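Visitor: What follows is the file input_5.txt, containing compact mmCIF, C-alpha atoms:
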```txt
# COMPACT_ATOMS: atom_id res chain seq x y z
CA MET G 1 -26.54 16.14 -25.68
CA ASN G 2 -23.95 15.23 -28.27
CA ASN G 3 -21.57 14.22 -25.55
CA GLN G 4 -24.09 11.95 -23.85
CA THR G 5 -23.53 8.81 -25.87
CA PRO G 6 -19.72 8.85 -26.01
CA LEU G 7 -19.58 9.53 -22.26
CA LEU G 8 -22.00 6.69 -21.56
CA THR G 9 -19.87 4.32 -23.64
CA TYR G 10 -16.78 5.51 -21.80
CA CYS G 11 -18.33 4.92 -18.38
CA LEU G 12 -19.54 1.46 -19.38
CA ARG G 13 -16.01 0.59 -20.49
CA LEU G 14 -14.52 1.71 -17.18
CA GLY G 15 -17.29 0.03 -15.18
CA ASP G 16 -17.00 -3.24 -17.09
CA ASN G 17 -13.23 -3.27 -16.66
CA ALA G 18 -13.68 -2.98 -12.88
CA LEU G 19 -16.48 -5.54 -12.77
CA ILE G 20 -14.63 -8.24 -14.70
CA GLN G 21 -11.45 -7.59 -12.70
CA SER G 22 -13.50 -8.00 -9.56
CA TYR G 23 -14.88 -11.31 -10.81
CA ARG G 24 -11.46 -12.75 -11.58
CA LEU G 25 -9.98 -11.56 -8.28
CA SER G 26 -12.87 -12.97 -6.30
CA GLU G 27 -12.21 -16.41 -7.79
CA TRP G 28 -9.21 -16.53 -5.46
CA CYS G 29 -11.51 -16.48 -2.43
CA SER G 30 -10.57 -19.56 -0.36
CA ASN G 31 -8.08 -20.55 -3.10
CA GLY G 32 -5.20 -18.23 -2.18
CA PRO G 33 -1.75 -19.79 -1.78
CA ILE G 34 -1.62 -18.47 1.79
CA LEU G 35 -4.22 -16.89 4.04
CA GLU G 36 -2.69 -13.41 3.76
CA GLU G 37 -3.00 -13.50 -0.02
CA ASP G 38 -6.55 -14.75 0.18
CA LEU G 39 -7.34 -11.67 2.28
CA ALA G 40 -5.45 -9.31 -0.04
CA LEU G 41 -7.07 -10.59 -3.24
CA THR G 42 -10.59 -10.59 -1.85
CA ASN G 43 -10.02 -7.07 -0.50
CA PHE G 44 -9.01 -5.98 -4.00
CA ALA G 45 -12.05 -7.75 -5.46
CA LEU G 46 -14.28 -5.78 -3.08
CA ASP G 47 -12.63 -2.50 -4.11
CA MET G 48 -13.29 -3.36 -7.74
CA THR G 49 -16.91 -4.28 -7.07
CA GLY G 50 -17.39 -0.91 -5.37
CA ARG G 51 -15.75 0.88 -8.28
CA ALA G 52 -17.87 -1.00 -10.83
CA ASP G 53 -21.00 -0.16 -8.83
CA LEU G 54 -20.24 3.58 -8.87
CA LEU G 55 -19.31 3.66 -12.55
CA LEU G 56 -22.24 1.58 -13.74
CA ALA G 57 -24.67 3.54 -11.56
CA TYR G 58 -23.39 6.72 -13.19
CA ALA G 59 -23.70 5.09 -16.63
CA ALA G 60 -27.30 4.18 -15.80
CA THR G 61 -28.01 7.82 -14.90
CA LEU G 62 -26.46 9.02 -18.15
CA GLU G 63 -28.55 6.56 -20.12
CA GLY G 64 -31.71 7.66 -18.34
CA LYS G 65 -33.73 4.56 -19.05
CA GLY G 66 -34.31 3.45 -15.50
CA GLN G 67 -31.45 0.96 -15.37
CA THR G 68 -29.37 0.42 -12.24
CA SER G 69 -25.81 -0.76 -11.73
CA ASP G 70 -27.28 -4.19 -10.94
CA SER G 71 -29.38 -4.43 -14.08
CA LEU G 72 -26.41 -3.35 -16.19
CA ALA G 73 -24.21 -5.98 -14.56
CA TYR G 74 -26.70 -8.84 -14.52
CA ARG G 75 -28.86 -8.32 -17.60
CA ARG G 76 -26.56 -7.26 -20.40
CA PRO G 77 -25.49 -9.91 -22.90
CA GLU G 78 -21.84 -10.52 -23.66
CA LYS G 79 -21.70 -8.32 -26.76
CA GLU G 80 -22.82 -5.29 -24.75
CA TYR G 81 -19.91 -5.69 -22.34
CA LEU G 82 -17.11 -3.29 -23.23
CA ASN G 83 -14.22 -4.36 -20.99
CA CYS G 84 -10.71 -4.84 -22.36
CA LEU G 85 -9.89 -8.48 -23.09
CA ILE G 86 -6.99 -8.56 -20.62
CA HIS G 87 -9.40 -8.60 -17.66
CA GLU G 88 -11.39 -11.63 -18.78
CA LEU G 89 -8.49 -14.04 -19.33
CA PRO G 90 -8.66 -16.90 -16.83
CA ASP G 91 -6.01 -16.98 -14.10
CA GLU G 92 -3.38 -19.55 -14.95
CA ASP G 93 -1.61 -19.37 -11.60
CA PHE G 94 -0.66 -16.89 -8.86
CA ALA G 95 2.10 -15.38 -11.02
CA PHE G 96 -0.42 -14.68 -13.77
CA THR G 97 -2.72 -12.89 -11.32
CA MET G 98 0.09 -10.74 -9.95
CA VAL G 99 1.56 -9.82 -13.34
CA ARG G 100 -1.89 -8.84 -14.62
CA LEU G 101 -2.67 -6.88 -11.46
CA MET G 102 0.65 -5.04 -11.72
CA LEU G 103 0.10 -4.14 -15.39
CA THR G 104 -3.51 -3.03 -14.94
CA SER G 105 -2.97 -1.21 -11.62
CA ALA G 106 -0.07 0.76 -13.09
CA TYR G 107 -2.50 1.72 -15.85
CA ASP G 108 -5.28 2.57 -13.37
CA MET G 109 -2.91 4.76 -11.34
CA LEU G 110 -2.25 6.96 -14.37
CA LEU G 111 -5.80 6.89 -15.69
CA TYR G 112 -7.54 7.73 -12.42
CA SER G 113 -4.93 10.34 -11.41
CA ALA G 114 -5.73 12.13 -14.66
CA LEU G 115 -9.48 11.55 -14.37
CA GLU G 116 -9.44 13.04 -10.88
CA LYS G 117 -8.90 16.41 -12.58
CA SER G 118 -11.88 16.02 -14.92
CA PRO G 119 -14.42 18.87 -14.87
CA ASN G 120 -17.06 16.13 -14.80
CA GLU G 121 -17.71 16.01 -11.05
CA ASN G 122 -19.00 12.45 -11.04
CA LEU G 123 -15.96 11.03 -12.81
CA ALA G 124 -13.60 13.15 -10.72
CA ALA G 125 -15.17 11.96 -7.46
CA ILE G 126 -15.12 8.29 -8.48
CA ALA G 127 -11.51 8.66 -9.61
CA ALA G 128 -10.49 10.28 -6.31
CA LYS G 129 -11.76 7.22 -4.42
CA ALA G 130 -10.37 4.73 -6.93
CA ILE G 131 -6.86 6.16 -6.81
CA LYS G 132 -6.49 5.61 -3.06
CA GLU G 133 -7.29 1.93 -3.45
CA THR G 134 -5.26 1.42 -6.62
CA ARG G 135 -2.17 2.65 -4.80
CA TYR G 136 -2.39 -0.39 -2.52
CA HIS G 137 -3.11 -2.77 -5.40
CA LEU G 138 -0.09 -1.61 -7.38
CA ALA G 139 2.32 -1.69 -4.44
CA HIS G 140 1.19 -5.19 -3.54
CA ALA G 141 1.29 -6.60 -7.07
CA ALA G 142 4.60 -4.95 -7.99
CA GLY G 143 6.18 -6.40 -4.84
CA TRP G 144 5.06 -9.90 -5.78
CA VAL G 145 6.16 -9.60 -9.42
CA GLU G 146 9.63 -8.57 -8.22
CA ARG G 147 9.87 -11.42 -5.71
CA LEU G 148 8.54 -14.05 -8.12
CA GLY G 149 10.58 -12.89 -11.12
CA ASP G 150 13.75 -12.57 -9.08
CA GLY G 151 13.00 -15.75 -7.11
CA THR G 152 13.60 -19.39 -7.93
CA ALA G 153 14.04 -20.82 -11.44
CA GLU G 154 10.47 -22.13 -11.23
CA SER G 155 8.91 -18.83 -10.09
CA ASN G 156 10.94 -16.91 -12.67
CA SER G 157 9.82 -19.14 -15.52
CA ARG G 158 6.17 -19.00 -14.46
CA THR G 159 6.24 -15.23 -14.13
CA MET G 160 7.88 -14.89 -17.53
CA GLN G 161 5.27 -17.21 -19.00
CA ALA G 162 2.51 -15.07 -17.51
CA LEU G 163 4.07 -11.91 -18.92
CA THR G 164 4.37 -13.50 -22.36
CA MET G 165 0.71 -14.47 -22.30
CA LEU G 166 -0.53 -11.12 -21.01
CA TRP G 167 1.63 -8.70 -22.95
CA PRO G 168 -0.29 -8.95 -26.29
CA PHE G 169 -3.41 -7.85 -24.41
CA THR G 170 -1.92 -4.64 -23.00
CA GLY G 171 -2.18 -2.74 -26.31
CA GLU G 172 -5.96 -2.60 -26.12
CA MET G 173 -5.82 -0.56 -22.90
CA PHE G 174 -4.44 2.33 -24.94
CA GLU G 175 -6.83 2.11 -27.87
CA THR G 176 -9.10 5.04 -28.53
CA ASP G 177 -11.70 6.08 -31.10
CA SER G 178 -13.01 9.33 -32.52
CA ALA G 179 -15.75 9.65 -29.87
CA GLU G 180 -13.23 9.29 -27.04
CA GLN G 181 -10.81 11.62 -28.77
CA GLN G 182 -13.55 14.23 -28.82
CA LEU G 183 -14.15 13.77 -25.08
CA ALA G 184 -10.41 14.12 -24.52
CA ALA G 185 -10.27 17.23 -26.70
CA ASP G 186 -13.09 18.69 -24.59
CA GLY G 187 -10.99 17.99 -21.51
CA ILE G 188 -13.54 15.57 -19.98
CA ILE G 189 -11.28 12.50 -20.07
CA PRO G 190 -7.51 12.12 -20.38
CA ASN G 191 -5.85 11.48 -23.70
CA ILE G 192 -5.06 7.81 -23.25
CA THR G 193 -2.31 7.78 -25.87
CA ALA G 194 -0.31 10.18 -23.73
CA LEU G 195 -0.41 7.71 -20.81
CA LYS G 196 1.25 4.90 -22.73
CA GLU G 197 4.79 6.16 -22.19
CA PRO G 198 4.58 6.72 -18.42
CA TRP G 199 2.83 3.35 -18.12
CA MET G 200 5.58 1.62 -20.06
CA GLU G 201 8.14 3.33 -17.85
CA LYS G 202 6.51 2.04 -14.66
CA ALA G 203 6.02 -1.47 -16.05
CA ALA G 204 9.61 -1.57 -17.31
CA GLN G 205 10.92 -0.46 -13.92
CA VAL G 206 9.07 -3.26 -12.08
CA LEU G 207 9.94 -5.88 -14.70
CA LYS G 208 13.59 -4.87 -14.61
CA SER G 209 13.90 -5.42 -10.87
CA ALA G 210 12.01 -8.69 -11.43
CA THR G 211 14.72 -9.66 -13.94
CA LEU G 212 12.06 -10.16 -16.62
CA GLU G 213 12.36 -9.11 -20.20
CA ILE G 214 9.55 -7.26 -21.95
CA PRO G 215 8.37 -9.40 -24.89
CA ALA G 216 9.16 -7.98 -28.30
CA LEU G 217 5.82 -7.60 -30.03
CA LYS G 218 4.30 -5.72 -32.91
CA THR G 219 0.72 -6.97 -32.98
CA TRP G 220 -1.90 -6.66 -30.27
CA GLN G 221 -5.07 -8.47 -29.33
CA THR G 222 -8.16 -6.32 -29.64
CA GLY G 223 -11.97 -6.42 -29.58
CA GLY G 224 -13.31 -6.13 -26.04
CA ARG G 225 -13.82 -2.39 -26.14
CA THR G 226 -16.27 -2.87 -29.00
CA GLY G 227 -18.00 -5.94 -27.59
CA ARG G 228 -16.01 -8.65 -29.39
CA HIS G 229 -14.78 -10.92 -26.63
CA THR G 230 -12.87 -14.13 -26.05
CA GLU G 231 -14.96 -17.14 -25.10
CA ASN G 232 -13.98 -16.48 -21.47
CA LEU G 233 -16.43 -13.63 -20.97
CA GLY G 234 -19.36 -15.88 -21.87
CA HIS G 235 -18.28 -18.34 -19.18
CA ILE G 236 -17.95 -15.53 -16.63
CA LEU G 237 -21.42 -14.14 -17.37
CA CYS G 238 -22.94 -17.63 -17.32
CA GLU G 239 -22.05 -17.91 -13.68
CA MET G 240 -22.32 -14.25 -12.66
CA GLN G 241 -25.75 -13.69 -14.19
CA TYR G 242 -27.25 -17.08 -13.46
CA LEU G 243 -29.33 -16.07 -10.46
CA GLN G 244 -30.83 -12.93 -11.99
CA ARG G 245 -31.55 -14.78 -15.22
CA ALA G 246 -33.21 -17.70 -13.44
CA TYR G 247 -35.04 -15.60 -10.85
CA PRO G 248 -35.41 -12.08 -12.27
CA ASP G 249 -35.39 -9.32 -9.64
CA ALA G 250 -34.57 -11.73 -6.81
CA THR G 251 -33.33 -9.89 -3.72
CA TRP G 252 -32.02 -10.98 -0.36
CA MET C 1 -49.77 3.45 23.99
CA ARG C 2 -51.51 6.63 22.90
CA ASN C 3 -51.68 7.75 26.53
CA ALA C 4 -47.94 7.53 26.80
CA VAL C 5 -47.41 10.32 24.31
CA SER C 6 -47.31 13.65 26.05
CA ALA C 7 -49.08 16.68 24.69
CA THR C 8 -45.87 18.55 24.11
CA ARG C 9 -44.50 15.63 22.13
CA ILE C 10 -47.52 15.61 19.87
CA SER C 11 -47.31 19.27 19.13
CA ARG C 12 -43.62 18.86 18.48
CA CYS C 13 -44.01 16.11 15.92
CA ASN C 14 -46.70 18.00 14.12
CA MET C 15 -44.31 20.83 13.55
CA VAL C 16 -42.59 20.79 10.20
CA THR C 17 -39.14 21.55 8.88
CA GLY C 18 -37.30 24.23 10.76
CA THR C 19 -37.77 22.64 14.15
CA PHE C 20 -34.34 21.02 14.13
CA THR C 21 -31.06 22.77 13.57
CA LYS C 22 -28.05 21.21 11.89
CA GLN C 23 -26.47 20.78 15.33
CA ASP C 24 -29.59 18.95 16.55
CA ILE C 25 -29.38 16.50 13.66
CA PHE C 26 -25.66 15.89 14.16
CA ARG C 27 -26.31 15.25 17.87
CA ILE C 28 -29.11 12.79 17.06
CA LEU C 29 -27.05 10.95 14.45
CA SER C 30 -23.89 10.83 16.55
CA ALA C 31 -25.54 7.94 18.40
CA ILE C 32 -25.18 5.67 15.35
CA PRO C 33 -22.16 3.38 15.63
CA ASP C 34 -19.92 2.31 12.76
CA PRO C 35 -21.22 -1.20 11.97
CA GLU C 36 -17.67 -2.60 11.66
CA ILE C 37 -16.16 -0.83 14.68
CA PRO C 38 -19.05 -0.17 17.07
CA VAL C 39 -16.97 1.85 19.58
CA VAL C 40 -16.87 4.81 17.20
CA SER C 41 -19.82 6.61 15.64
CA ILE C 42 -20.30 7.36 11.96
CA GLU C 43 -19.88 11.01 12.89
CA GLU C 44 -16.51 10.44 14.61
CA MET C 45 -15.39 8.44 11.56
CA GLY C 46 -16.05 11.48 9.39
CA MET C 47 -18.68 9.72 7.27
CA LEU C 48 -21.39 12.21 8.17
CA ARG C 49 -20.53 15.14 5.95
CA ASP C 50 -23.34 17.63 6.26
CA VAL C 51 -27.04 18.24 6.75
CA GLU C 52 -28.97 20.36 4.29
CA ILE C 53 -32.12 21.92 5.65
CA THR C 54 -34.53 23.22 3.05
CA GLU C 55 -38.26 23.69 2.72
CA GLU C 56 -38.44 20.17 1.35
CA GLY C 57 -36.93 18.67 4.48
CA TYR C 58 -33.67 17.34 5.81
CA ASN C 59 -31.01 15.92 3.53
CA ILE C 60 -28.25 13.96 5.24
CA LEU C 61 -25.00 13.88 3.27
CA LEU C 62 -23.11 10.66 3.84
CA THR C 63 -19.80 9.56 2.32
CA PRO C 64 -18.48 5.98 2.10
CA THR C 65 -15.10 5.18 3.62
CA TYR C 66 -14.32 2.67 0.86
CA THR C 67 -15.97 2.25 -2.53
CA GLY C 68 -16.91 -1.35 -1.81
CA CYS C 69 -18.13 -0.62 1.72
CA PRO C 70 -20.87 -3.23 2.26
CA ALA C 71 -22.27 -1.35 5.28
CA MET C 72 -23.56 1.70 3.40
CA GLY C 73 -27.06 0.29 2.99
CA LEU C 74 -27.22 -0.56 6.67
CA ILE C 75 -25.97 2.87 7.77
CA GLU C 76 -28.51 4.60 5.55
CA ALA C 77 -31.32 2.50 7.03
CA GLU C 78 -30.12 3.30 10.56
CA ILE C 79 -30.03 7.03 9.86
CA LYS C 80 -33.58 6.93 8.56
CA ALA C 81 -34.76 4.89 11.53
CA VAL C 82 -33.11 7.18 14.11
CA LEU C 83 -34.48 10.31 12.44
CA GLN C 84 -37.95 8.82 12.33
CA GLN C 85 -37.66 7.99 16.01
CA HIS C 86 -36.93 11.64 16.72
CA HIS C 87 -39.71 12.79 14.39
CA VAL C 88 -37.29 14.47 12.01
CA ALA C 89 -39.28 14.49 8.79
CA PRO C 90 -39.22 14.51 5.88
CA ALA C 91 -35.66 13.25 5.72
CA LYS C 92 -33.53 11.58 3.08
CA VAL C 93 -29.96 10.34 2.81
CA THR C 94 -27.73 11.28 -0.12
CA THR C 95 -24.40 9.60 -0.78
CA VAL C 96 -21.68 12.05 -1.75
CA LEU C 97 -18.31 10.96 -3.13
CA SER C 98 -16.50 14.26 -3.29
CA PRO C 99 -14.30 15.11 -1.50
CA ALA C 100 -13.16 11.51 -1.04
CA TRP C 101 -13.11 10.22 2.52
CA THR C 102 -9.76 10.20 4.27
CA THR C 103 -8.56 8.90 7.63
CA ASP C 104 -7.60 12.54 8.36
CA TRP C 105 -11.26 13.16 9.12
CA MET C 106 -11.25 10.75 12.05
CA SER C 107 -11.39 12.83 15.21
CA ALA C 108 -8.70 12.59 17.90
CA ARG C 109 -11.37 11.13 20.16
CA ALA C 110 -12.15 8.46 17.58
CA ARG C 111 -8.46 7.54 17.32
CA GLU C 112 -8.19 7.15 21.07
CA LYS C 113 -11.36 5.05 21.14
CA LEU C 114 -9.92 2.80 18.43
CA ARG C 115 -6.72 2.34 20.41
CA ALA C 116 -8.62 1.51 23.60
CA TYR C 117 -10.68 -1.00 21.59
CA GLY C 118 -7.49 -2.74 20.43
CA ILE C 119 -7.08 -1.26 16.96
CA ALA C 120 -3.97 0.81 16.31
CA PRO C 121 -5.16 4.11 14.76
CA PRO C 122 -3.79 5.37 11.41
CA LEU C 123 -0.33 6.92 11.74
CA HIS C 124 -0.62 9.66 9.17
CA SER C 125 -2.31 10.46 5.89
CA SER C 126 0.72 10.73 3.65
CA CYS C 127 0.35 7.30 2.11
CA ASP C 128 0.58 8.81 -1.37
CA THR C 129 3.98 7.50 -2.26
CA HIS C 130 4.53 4.58 0.12
CA PRO C 131 1.25 2.80 0.83
CA PHE C 132 2.96 0.19 2.97
CA GLY C 133 5.74 2.35 4.37
CA GLU C 134 3.70 3.06 7.46
CA GLY C 135 6.50 3.67 9.96
CA ILE C 136 6.32 2.41 13.52
CA VAL C 137 2.94 1.12 14.62
CA HIS C 138 2.61 0.99 18.40
CA CYS C 139 0.86 -1.96 20.03
CA PRO C 140 -2.56 -0.72 21.19
CA ARG C 141 -2.35 -3.02 24.24
CA CYS C 142 1.12 -2.57 25.73
CA GLY C 143 2.36 0.45 23.76
CA SER C 144 5.50 -1.32 22.53
CA ASP C 145 7.04 -0.21 19.24
CA ASP C 146 8.39 -3.72 18.62
CA THR C 147 5.61 -4.79 16.24
CA VAL C 148 5.59 -6.63 12.95
CA VAL C 149 3.13 -6.90 10.02
CA LEU C 150 1.37 -10.26 9.77
CA SER C 151 -0.81 -9.41 6.80
CA ARG C 152 -1.22 -6.16 4.88
CA PHE C 153 -4.91 -6.89 4.49
CA GLY C 154 -7.43 -7.93 7.09
CA ALA C 155 -11.05 -8.79 7.70
CA THR C 156 -12.20 -5.38 6.45
CA ALA C 157 -10.82 -3.14 3.71
CA CYS C 158 -9.47 -0.61 6.21
CA LYS C 159 -7.26 -2.82 8.35
CA ALA C 160 -3.93 -4.66 8.32
CA LEU C 161 -2.92 -7.40 10.77
CA TYR C 162 0.02 -6.92 13.13
CA THR C 163 1.52 -8.79 16.01
CA CYS C 164 3.38 -7.37 19.02
CA ASN C 165 6.75 -8.93 19.81
CA SER C 166 6.67 -7.61 23.39
CA CYS C 167 3.29 -8.80 24.66
CA ARG C 168 2.80 -11.39 21.88
CA GLU C 169 -0.72 -10.14 21.19
CA PRO C 170 -1.99 -9.93 17.60
CA PHE C 171 -3.81 -6.70 16.76
CA GLU C 172 -5.34 -4.77 13.88
CA TYR C 173 -3.99 -1.54 12.43
CA PHE C 174 -6.25 0.98 10.72
CA LYS C 175 -4.44 1.84 7.49
CA CYS C 176 -4.16 5.43 6.37
CA HIS C 177 -6.34 6.23 3.43
```
For this file, write the structure as structure tokens.
Guide:
Amino acid sequence: MNNQTPLLTYCLRLGDNALIQSYRLSEWCSNGPILEEDLALTNFALDMTGRADLLLAYAATLEGKGQTSDSLAYRRPEKEYLNCLIHELPDEDFAFTMVRLMLTSAYDMLLYSALEKSPNENLAAIAAKAIKETRYHLAHAAGWVERLGDGTAESNSRTMQALTMLWPFTGEMFETDSAEQQLAADGIIPNITALKEPWMEKAAQVLKSATLEIPALKTWQTGGRTGRHTENLGHILCEMQYLQRAYPDATW
Amino acid sequence: MRNAVSATRISRCNMVTGTFTKQDIFRILSAIPDPEIPVVSIEEMGMLRDVEITEEGYNILLTPTYTGCPAMGLIEAEIKAVLQQHHVAPAKVTTVLSPAWTTDWMSARAREKLRAYGIAPPLHSSCDTHPFGEGIVHCPRCGSDDTVVLSRFGATACKALYTCNSCREPFEYFKCH
């Protein structure tokens, strides 16, 4: 029973990360620079919606208060959302989307590969599905970051600008707390601190072939994991939750 | 309509669990097509994992191909409808995630059906290291190996778009997963 609450918090964090990623990716629907990218980004958004659905449904089961993945997504206020801030930042341009997707997919590859080995069957099963999809996301995003960074002066400068804006938000992905450390010590979840180095290695490899320099930085943005968000999340939820707030329990 | 029901049928539907074997259920459910690719059944796709028969009834174990598969609700409803039609009761559908679905589970027959339908079947399952390094995809229409990727992503999560340089036909390729 002691593990119940930390595990629930952990699942909400993972589920919220996927849900907010899905929201941002889906904003590209009909706005992609070319048709092929429109298809790719909406495919990724669908993967993330599916992942969020599984994780939040599991969180609802852990909580045991009759919630569903839908009620968790559509009824929780901003401060109860536990996603990392990096996911809620608005897309500045296509380069921004691709740099973010590369950074977060590289992270997801490591996280879900490790989680696939969890003795918690639910988490392991969700991770096994997530990893197959993430492989495509990372390959696609890394390819674009390389082409854009090592492209024209304009694409290089925009990609560098995106990296500069996003980099301060990457630290939060590796934050942990005593409850999560306990889960990691029990072998339920991976020790996230140990994933930082392999993540940095992968990111550095992509950024190097993109001719982009990793920003030198000592301070990181933080807050999302504990419910303290940028103003962007409020705007997202305003739109995402509108229908269920205006017409509770509406179905179609 | 009552007259149309034969006596044997009535006695059959009054019988409870134990009347149908696992093979019976698989045979009944193999009639359900994949909603996205109706030439193959959910069984041939490998989505139908198992049937548990207990004193409480029949439990159909179903696995999604992709996490965001929007057809799962529809498939579940179809399974329930078909079982009801065959008087298989009580029956329920349980979604299982482990082991995760893979294109390896698609039967050889399903692959051939896909090809005949105009979708190039998945080449292999080893997409672990090179998700887009698929190798040579043959045109499902003319068989040519002179094909080129148009878009890595298509109208559904499972497919990429290709075009054939020999017969000039565009076609879909079912990505390995």
Visitor: Using Å and a single decimal, report how far atom CA of Glu88 of chain G sits from atom CA of Asn232 of chain G.
Guide: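 Computing it gives 6.1 Å between the two atoms.
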Visitor: Mind running chain G against chain C at 6 Å and telling me each contacting residue's nearest atom pair with the distance in Å (one decimal), counting only C-alpha atoms, chain and number ascending, as JSON lines?
Guide:
```
{"residue": "G:Glu36", "atom": "CA", "partner": "C:Ser151", "partner_atom": "CA", "distance": 5.4}
{"residue": "G:Leu39", "atom": "CA", "partner": "C:Phe153", "partner_atom": "CA", "distance": 5.8}
{"residue": "G:Ala40", "atom": "CA", "partner": "C:Phe153", "partner_atom": "CA", "distance": 5.2}
{"residue": "G:Asn43", "atom": "CA", "partner": "C:Ala157", "partner_atom": "CA", "distance": 5.8}
{"residue": "G:Leu46", "atom": "CA", "partner": "C:Gly68", "partner_atom": "CA", "distance": 5.3}
{"residue": "G:Asp47", "atom": "CA", "partner": "C:Gly68", "partner_atom": "CA", "distance": 5.0}
{"residue": "G:Gly50", "atom": "CA", "partner": "C:Gly68", "partner_atom": "CA", "distance": 3.6}
{"residue": "G:Arg51", "atom": "CA", "partner": "C:Thr67", "partner_atom": "CA", "distance": 5.9}
{"residue": "G:Ala125", "atom": "CA", "partner": "C:Ser98", "partner_atom": "CA", "distance": 4.9}
{"residue": "G:Lys129", "atom": "CA", "partner": "C:Ala100", "partner_atom": "CA", "distance": 5.6}
{"residue": "G:Tyr136", "atom": "CA", "partner": "C:Pro131", "partner_atom": "CA", "distance": 5.9}
```
Visitor: Any idea what the distance is between atom CA of Ala185 of chain G and atom CA of Glu63 of chain G?
Guide: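 So the answer is 22.2 Å.
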Visitor: Contacts of Leu103 of chain G at 12 Å or less, counting only C-alpha atoms, minus same-chain residues fewer than 2 places along, as a PyMOL selection string?
Guide: chain G and resi 86-87+96-101+105-110+134+137-142+145+162-163+166-171+173+196+199-207+214
Visitor: Axis-aligned box over every listed atom of segment 162-174 of chain G, padded by 3 Å per side: centre and edges in Å to one decimal, as lines of an AutoDock Vina configuration file?
Guide:
```
center_x = -0.8
center_y = -6.4
center_z = -21.9
size_x = 16.3
size_y = 23.4
size_z = 14.8
```
Visitor: Report, in Å with one decimal, the straight-line distance from atom CA of Ser144 of chain C to atom CA of Pro121 of chain C.
Guide: 14.3 Å
Visitor: Within 12 Å of (-15.2, -18.6, -1.5), in the coordinates the file gives, what residues turn up when you count all atoms listed in the file, written out as a VMD selection string?
Guide: chain G and resid 23 25 to 32 38 to 39 41 to 42 45
